[in-house]
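J.: One file: coords19.tsv (TSV, C-alpha atoms).
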chain	number	residue	atom	x	y	z
A	242	MET	CA	-21.24	-37.08	-13.88
A	243	GLU	CA	-18.00	-36.11	-15.64
A	244	HIS	CA	-16.95	-32.62	-16.61
A	245	GLU	CA	-13.74	-30.71	-17.44
A	246	VAL	CA	-12.97	-27.12	-16.50
A	247	TYR	CA	-10.04	-24.84	-17.32
A	248	VAL	CA	-8.01	-22.76	-14.87
A	249	PRO	CA	-5.35	-20.39	-16.34
A	250	PHE	CA	-2.72	-21.16	-13.68
A	251	PRO	CA	0.04	-23.79	-13.37
A	252	VAL	CA	-0.82	-27.22	-11.98
A	253	GLU	CA	1.17	-26.77	-8.77
A	254	ALA	CA	-0.54	-23.46	-7.92
A	255	VAL	CA	-4.01	-24.92	-8.60
A	256	ARG	CA	-3.26	-28.06	-6.60
A	257	GLN	CA	-2.06	-25.98	-3.64
A	258	ALA	CA	-5.28	-23.94	-3.77
A	259	LEU	CA	-7.47	-27.06	-3.95
A	260	THR	CA	-5.90	-28.44	-0.77
A	261	GLU	CA	-7.21	-25.45	1.21
A	262	PRO	CA	-10.81	-26.34	2.24
A	263	GLU	CA	-11.80	-22.77	3.11
A	264	ARG	CA	-10.63	-21.48	-0.28
A	265	VAL	CA	-12.47	-24.29	-2.09
A	266	ALA	CA	-15.66	-23.51	-0.16
A	267	ARG	CA	-15.60	-19.75	-0.85
A	268	CYS	CA	-15.09	-20.43	-4.58
A	269	ILE	CA	-18.26	-22.54	-4.80
A	270	PRO	CA	-21.00	-20.34	-6.30
A	271	GLY	CA	-23.84	-19.70	-3.89
A	272	CYS	CA	-21.81	-20.72	-0.82
A	273	GLN	CA	-21.78	-18.52	2.28
A	274	LEU	CA	-19.42	-19.59	5.07
A	275	ASP	CA	-20.26	-19.21	8.74
A	276	ALA	CA	-18.38	-16.49	10.59
A	277	ASP	CA	-16.86	-19.09	12.96
A	278	ALA	CA	-16.26	-21.73	10.28
A	279	ASP	CA	-13.42	-24.18	10.90
A	280	PRO	CA	-10.79	-23.68	8.14
A	281	GLY	CA	-10.16	-27.44	8.03
A	282	THR	CA	-13.85	-28.38	7.76
A	283	PRO	CA	-15.68	-25.19	6.73
A	284	GLY	CA	-19.42	-25.04	7.27
A	285	GLY	CA	-22.09	-22.74	5.94
A	286	ARG	CA	-25.01	-22.42	3.55
A	287	LEU	CA	-25.25	-23.31	-0.12
A	288	ARG	CA	-27.94	-21.99	-2.47
A	289	LEU	CA	-28.30	-24.41	-5.37
A	290	ARG	CA	-30.43	-23.59	-8.39
A	291	ILE	CA	-32.10	-26.57	-10.07
A	292	GLY	CA	-34.22	-25.64	-13.07
A	293	SER	CA	-36.60	-22.94	-11.88
A	294	SER	CA	-36.20	-23.83	-8.20
A	295	THR	CA	-33.61	-22.83	-5.59
A	296	ILE	CA	-32.68	-25.13	-2.72
A	297	THR	CA	-30.71	-23.96	0.29
A	298	TYR	CA	-28.55	-26.49	2.13
A	299	ARG	CA	-26.67	-26.20	5.38
A	300	GLY	CA	-23.63	-28.44	5.72
A	301	THR	CA	-19.86	-28.93	5.73
A	302	LEU	CA	-17.07	-29.68	3.28
A	303	THR	CA	-13.78	-31.57	3.49
A	304	VAL	CA	-10.86	-31.76	1.06
A	305	ALA	CA	-8.08	-34.35	0.81
A	306	ALA	CA	-5.09	-34.67	-1.55
A	307	ARG	CA	-4.48	-38.01	-3.23
A	308	GLY	CA	-0.98	-38.06	-4.65
A	309	THR	CA	0.38	-35.17	-6.68
A	310	ASP	CA	-2.37	-34.85	-9.27
A	311	THR	CA	-5.64	-35.78	-7.54
A	312	VAL	CA	-7.84	-34.04	-4.97
A	313	THR	CA	-11.06	-35.37	-3.49
A	314	VAL	CA	-13.90	-33.21	-2.19
A	315	GLU	CA	-16.58	-34.52	0.15
A	316	ALA	CA	-19.64	-32.46	1.12
A	317	SER	CA	-22.92	-33.11	2.85
A	318	GLY	CA	-25.88	-30.98	3.87
A	319	ILE	CA	-29.53	-30.86	4.76
A	320	GLU	CA	-32.24	-28.59	3.44
A	321	SER	CA	-32.75	-25.47	5.54
A	322	ARG	CA	-36.49	-25.73	4.78
A	323	GLY	CA	-37.54	-29.33	4.45
A	324	ASP	CA	-36.36	-32.83	5.25
A	325	GLY	CA	-34.19	-33.39	2.19
A	326	SER	CA	-30.43	-34.01	2.23
A	327	ALA	CA	-27.59	-34.31	-0.24
A	328	GLU	CA	-24.10	-35.86	-0.23
A	329	LEU	CA	-21.38	-35.15	-2.80
A	330	SER	CA	-18.25	-37.15	-3.59
A	331	LEU	CA	-16.05	-35.45	-6.18
A	332	THR	CA	-12.68	-36.54	-7.56
A	333	VAL	CA	-10.60	-33.86	-9.33
A	334	ARG	CA	-7.59	-34.80	-11.45
A	335	LEU	CA	-5.17	-32.07	-12.49
A	336	ALA	CA	-3.25	-32.01	-15.75
A	337	THR	CA	-1.37	-29.40	-17.75
A	338	ALA	CA	-3.42	-27.99	-20.62
A	339	PRO	CA	-2.28	-29.25	-24.06
A	340	ASP	CA	-2.19	-25.74	-25.55
A	341	ASP	CA	1.29	-24.93	-24.12
A	342	THR	CA	-0.07	-22.05	-22.04
A	343	GLY	CA	0.92	-23.60	-18.72
A	344	ALA	CA	-2.71	-23.64	-17.59
A	345	THR	CA	-4.47	-26.49	-15.78
A	346	VAL	CA	-7.34	-28.74	-16.84
A	347	LEU	CA	-9.47	-30.15	-14.01
A	348	SER	CA	-11.18	-33.44	-14.87
A	349	CYS	CA	-14.06	-33.79	-12.42
A	350	THR	CA	-15.88	-37.05	-11.73
A	351	GLY	CA	-18.54	-37.08	-9.05
A	352	THR	CA	-21.67	-38.65	-7.65
A	353	VAL	CA	-24.52	-37.09	-5.69
A	354	THR	CA	-26.87	-38.94	-3.39
A	355	SER	CA	-29.94	-36.94	-2.44
A	356	THR	CA	-33.40	-37.00	-0.99
A	357	GLY	CA	-36.13	-34.40	-0.96
A	358	ARG	CA	-36.40	-31.66	-3.58
A	359	LEU	CA	-33.10	-32.44	-5.34
A	360	ALA	CA	-34.15	-36.07	-5.81
A	361	GLU	CA	-37.34	-34.90	-7.48
A	362	ALA	CA	-35.44	-33.00	-10.22
A	363	THR	CA	-34.88	-34.61	-13.61
A	364	ASP	CA	-31.49	-36.06	-14.53
A	365	GLN	CA	-31.04	-33.41	-17.20
A	366	ALA	CA	-31.77	-30.55	-14.77
A	367	ALA	CA	-29.41	-32.02	-12.15
A	368	GLU	CA	-26.62	-32.54	-14.69
A	369	SER	CA	-27.04	-29.03	-16.07
A	370	ALA	CA	-26.90	-27.58	-12.54
A	371	GLY	CA	-23.76	-29.60	-11.74
A	372	ARG	CA	-21.93	-28.43	-14.87
A	373	ARG	CA	-22.90	-24.82	-14.19
A	374	VAL	CA	-21.59	-25.05	-10.62
A	375	LEU	CA	-18.23	-26.49	-11.79
A	376	ASP	CA	-17.82	-23.88	-14.55
A	377	ARG	CA	-18.46	-21.03	-12.14
A	378	PHE	CA	-16.23	-22.67	-9.53
A	379	ALA	CA	-13.30	-22.69	-12.00
A	380	ALA	CA	-13.89	-19.01	-12.82
A	381	ASN	CA	-14.04	-18.11	-9.11
A	382	LEU	CA	-10.90	-20.12	-8.41
A	383	ALA	CA	-9.00	-18.29	-11.16
A	384	ALA	CA	-10.13	-14.92	-9.77
A	385	ASP	CA	-9.17	-15.98	-6.24
A	386	LEU	CA	-5.71	-17.08	-7.40
A	387	THR	CA	-5.28	-13.74	-9.13
A	388	ASP	CA	-6.09	-11.82	-5.95
A	389	ASN	CA	-4.55	-14.32	-3.50
A	390	PRO	CA	-1.76	-16.37	-5.10
A	391	ALA	CA	-1.15	-19.82	-3.66
A	392	ASP	CA	1.62	-20.05	-1.08
A	393	GLU	CA	5.05	-20.93	-2.44
A	394	PRO	CA	7.33	-21.63	0.54
A	395	ASP	CA	10.42	-22.08	-1.66
A	396	ALA	CA	10.02	-18.79	-3.45
A	397	GLU	CA	12.02	-15.87	-2.14
A	398	ALA	CA	9.84	-12.94	-1.27
A	399	PRO	CA	10.73	-9.86	-3.31
A	400	PRO	CA	11.86	-6.79	-1.39
A	401	ALA	CA	9.05	-4.50	-0.43
A	402	ALA	CA	8.75	-1.39	-2.57
A	403	GLN	CA	9.67	1.79	-0.77
A	404	GLY	CA	6.77	4.17	-0.46
A	405	VAL	CA	7.05	7.90	-0.69
A	406	PHE	CA	6.47	8.21	3.07
A	407	ASP	CA	9.20	5.60	3.79
A	408	ALA	CA	11.95	7.53	1.98
A	409	GLU	CA	14.63	9.11	4.12
A	410	VAL	CA	14.06	12.83	4.51
A	411	PRO	CA	17.27	14.92	4.21
A	412	PRO	CA	17.89	17.60	6.86
A	413	PRO	CA	16.64	21.10	5.96
A	414	SER	CA	19.19	23.45	4.49
A	415	LEU	CA	18.74	25.91	7.38
A	416	ASP	CA	19.17	23.29	10.10
A	417	PRO	CA	21.77	24.72	12.51
A	418	LEU	CA	23.01	21.18	13.22
A	419	ALA	CA	23.39	20.14	9.58
A	420	ASP	CA	27.03	21.26	9.23
A	421	ASP	CA	28.54	20.94	12.71
A	422	ASP	CA	31.84	19.90	11.19
A	423	GLN	CA	32.26	23.31	9.53
A	424	ASP	CA	31.87	25.54	12.57
A	425	ASP	CA	32.23	24.61	16.23
A	426	ALA	CA	30.01	27.53	17.24
A	427	ALA	CA	27.00	26.16	15.34
A	428	PRO	CA	25.40	24.32	18.33
A	429	ALA	CA	25.53	27.43	20.50
A	430	GLU	CA	24.07	29.58	17.74
A	431	ALA	CA	21.39	26.98	17.08
A	432	ALA	CA	20.44	26.95	20.77
A	433	HIS	CA	20.31	30.76	20.78
A	434	ALA	CA	18.10	30.74	17.66
A	435	ARG	CA	15.71	28.27	19.27
A	436	ARG	CA	15.54	30.33	22.46
A	437	THR	CA	14.80	33.55	20.59
A	438	MET	CA	12.02	31.94	18.56
A	439	ILE	CA	10.16	30.50	21.57
A	440	GLY	CA	6.82	32.27	21.97
A	441	ARG	CA	6.92	33.90	18.55
A	442	SER	CA	4.23	33.27	15.98
A	443	ALA	CA	4.92	31.43	12.75
A	444	GLU	CA	4.44	34.65	10.78
A	445	GLU	CA	6.98	36.50	12.92
A	446	VAL	CA	9.48	33.68	12.55
A	447	ASP	CA	9.01	33.55	8.78
A	448	HIS	CA	9.52	37.32	8.42
A	449	ALA	CA	12.17	37.80	11.09
A	450	PRO	CA	15.60	38.71	9.70
A	451	PRO	CA	18.17	35.95	10.10
A	452	ARG	CA	20.54	36.21	12.99
A	453	GLY	CA	23.87	34.82	14.06
A	454	ARG	CA	25.84	32.92	11.48
A	455	TYR	CA	22.97	33.22	8.98
A	456	ALA	CA	22.67	37.04	9.17
A	457	PRO	CA	23.56	38.84	5.94
A	458	VAL	CA	27.13	40.16	5.83
A	459	PRO	CA	27.17	44.02	5.66
A	460	ALA	CA	28.81	45.51	2.62
A	461	PRO	CA	32.36	46.81	3.33
A	462	GLN	CA	32.75	50.60	3.49
A	463	SER	CA	34.51	52.25	0.61
A	464	ALA	CA	38.10	53.29	1.21
A	465	THR	CA	37.56	56.41	-0.93
A	466	THR	CA	34.87	57.66	1.43
A	467	SER	CA	37.13	57.19	4.45
A	468	ALA	CA	39.98	59.04	2.75
A	469	THR	CA	37.71	61.95	1.79
A	470	LEU	CA	36.45	62.31	5.33
A	471	ARG	CA	40.01	62.08	6.65
A	472	TRP	CA	41.19	65.20	4.60
A	473	ALA	CA	37.95	67.16	4.66
A	474	ALA	CA	38.22	68.20	8.34
A	475	PRO	CA	41.71	69.84	8.15
A	476	ALA	CA	40.80	71.64	4.90
A	477	ALA	CA	37.65	73.05	6.46
A	478	ALA	CA	39.60	74.25	9.51
A	479	LEU	CA	42.22	75.91	7.28
A	480	ALA	CA	39.56	77.68	5.23
A	481	LEU	CA	37.86	78.94	8.38
A	482	ALA	CA	41.14	80.31	9.82
A	483	SER	CA	41.96	82.03	6.53
A	484	ALA	CA	38.56	83.73	6.50
A	485	VAL	CA	39.11	85.03	10.06
A	486	VAL	CA	42.57	86.44	9.22
A	487	VAL	CA	41.31	88.14	6.06
A	488	GLY	CA	38.45	89.68	8.03
A	489	ARG	CA	40.78	91.16	10.64
A	490	VAL	CA	43.12	92.65	8.00
A	491	LEU	CA	40.24	94.38	6.26
A	492	ARG	CA	38.99	95.92	9.55
A	493	ARG	CA	42.45	97.37	10.33
A	494	ARG	CA	42.69	99.07	6.95
A	495	ARG	CA	39.41	100.81	7.57
Let's see the structure in the file written out as structure tokens.

T.:
Amino acid sequence: MEHEVYVPFPVEAVRQALTEPERVARCIPGCQLDADADPGTPGGRLRLRIGSSTITYRGTLTVAARGTDTVTVEASGIESRGDGSAELSLTVRLATAPDDTGATVLSCTGTVTSTGRLAEATDQAAESAGRRVLDRFAANLAADLTDNPADEPDAEAPPAAQGVFDAEVPPPSLDPLADDDQDDAAPAEAAHARRTMIGRSAEEVDHAPPRGRYAPVPAPQSATTSATLRWAAPAAALALASAVVVGRVLRRRR
């Protein structure tokens, strides 16, 4: 059988993906790999639909590169229920798509040797099943390359984006140690502030008036008030003495 499929990725990326047996196996529709499958020769189960029937095979798969534009796939399995078996030999040639999109065309040529239920199917049903498997394989491979790009050892990895939790957090504006170069007494005051806040609740700390270097500066007293108080005392004493003298003079006249 011969069939062509289209993968919207460059030839080199597709070729790299096709040389990874485990990736090839997980892109085959209906394939379920074993939990302990060998990445080099993955094994598992394959459900293959032929006409109105479904056949389940258990087997392994191998992949080998042939030059720069050819990959071969070999697979074999036996029916999980029955005595039938099947062997696949597939040659895949890669070429750049002629539509100038940079995509890849996979030209697939393969043969299948089978016994049991698959051998009983008509040629038309077998060919239709093979084409459907290859079409869905190409779609799965494109999706897999989108989620897991092929390795490119020569490409320089871009710098990781900095997350919001990775950003450097500046020191709080009320940190006593934030401006040590402005006041040598800051460490001592900071230590005193930490000692006085030990054992206090968060609400008390939030509502406590600031102390030390952060306490509000009291407003300076008015010079006018000081001057008034300075002259008020002698004036009051003079007035009191005058009242006493006047009182005595009045008593003498009587």

J.: Considering only C-alpha atoms, state which residue in the set A:Thr295, A:Val248, A:Gly300, A:Met242 is at the smallest distance from Cys349 of chain A.

T.: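 For Cys349 of chain A, the nearest of the given residues is A:Met242.
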
J.: Nearest to Pro251 of chain A among A:Thr363, A:Thr342, A:Asn389, A:Ser355, with distances taken over all atoms listed in the file: which residue is it?

T.: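 Under the stated criterion, the closest residue is A:Thr342.
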
J.: In Å, with one decimal, what is the gap from atom CA of Ser294 of chain A to atom CA of Pro270 of chain A?

T.: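 Separating atom CA of Ser294 of chain A from atom CA of Pro270 of chain A is a distance of 15.7 Å.
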
J.: Give me, please, the distance in Å between atom CA of Arg256 of chain A and atom CA of Ile319 of chain A, quoted to one decimal.

T.: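 Taking atom CA of Arg256 of chain A as the start and atom CA of Ile319 of chain A as the end point, the length is 28.8 Å.
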
J.: In Å, rounded to a single decimal, give me how far atom CA of Gly271 of chain A is from atom CA of Arg286 of chain A.

T.: 8.0 Å

J.: Excluding same-chain residues fewer than 5 positions from Gln273 of chain A, what lies within 12 Å of it counting all atoms listed in the file, as a VMD selection string?

T.: chain A and resid 263 to 268 278 283 to 289 297 to 301

J.: Write out as lines of an AutoDock Vina configuration file an axis-aligned box for segment 377-383 of chain A: all of its atoms listed in the file, 6 Å added on each side, centre and edge lengths in Å with one decimal.

T.:
center_x = -13.7
center_y = -20.4
center_z = -10.6
size_x = 21.5
size_y = 16.6
size_z = 16.4

J.: Excluding Glu361 of chain A and residues on its chain fewer than 2 positions from it, collect all residues at most 12 Å away from it, counting all atoms listed in the file, and give them as a CSV table (one decimal) with C-alpha atoms, in the frame of the given file.

T.:
chain,number,residue,atom,x,y,z
A,291,ILE,CA,-32.1,-26.6,-10.1
A,292,GLY,CA,-34.2,-25.6,-13.1
A,294,SER,CA,-36.2,-23.8,-8.2
A,296,ILE,CA,-32.7,-25.1,-2.7
A,325,GLY,CA,-34.2,-33.4,2.2
A,326,SER,CA,-30.4,-34.0,2.2
A,354,THR,CA,-26.9,-38.9,-3.4
A,355,SER,CA,-29.9,-36.9,-2.4
A,356,THR,CA,-33.4,-37.0,-1.0
A,357,GLY,CA,-36.1,-34.4,-1.0
A,358,ARG,CA,-36.4,-31.7,-3.6
A,359,LEU,CA,-33.1,-32.4,-5.3
A,363,THR,CA,-34.9,-34.6,-13.6
A,364,ASP,CA,-31.5,-36.1,-14.5
A,365,GLN,CA,-31.0,-33.4,-17.2
A,366,ALA,CA,-31.8,-30.6,-14.8
A,367,ALA,CA,-29.4,-32.0,-12.2

J.: Restricting the calculation to all atoms listed in the file, which member of A:Cys272, A:Val312, A:Arg290, A:Glu328 is positioned closest to Arg372 of chain A?

T.: A:Arg290
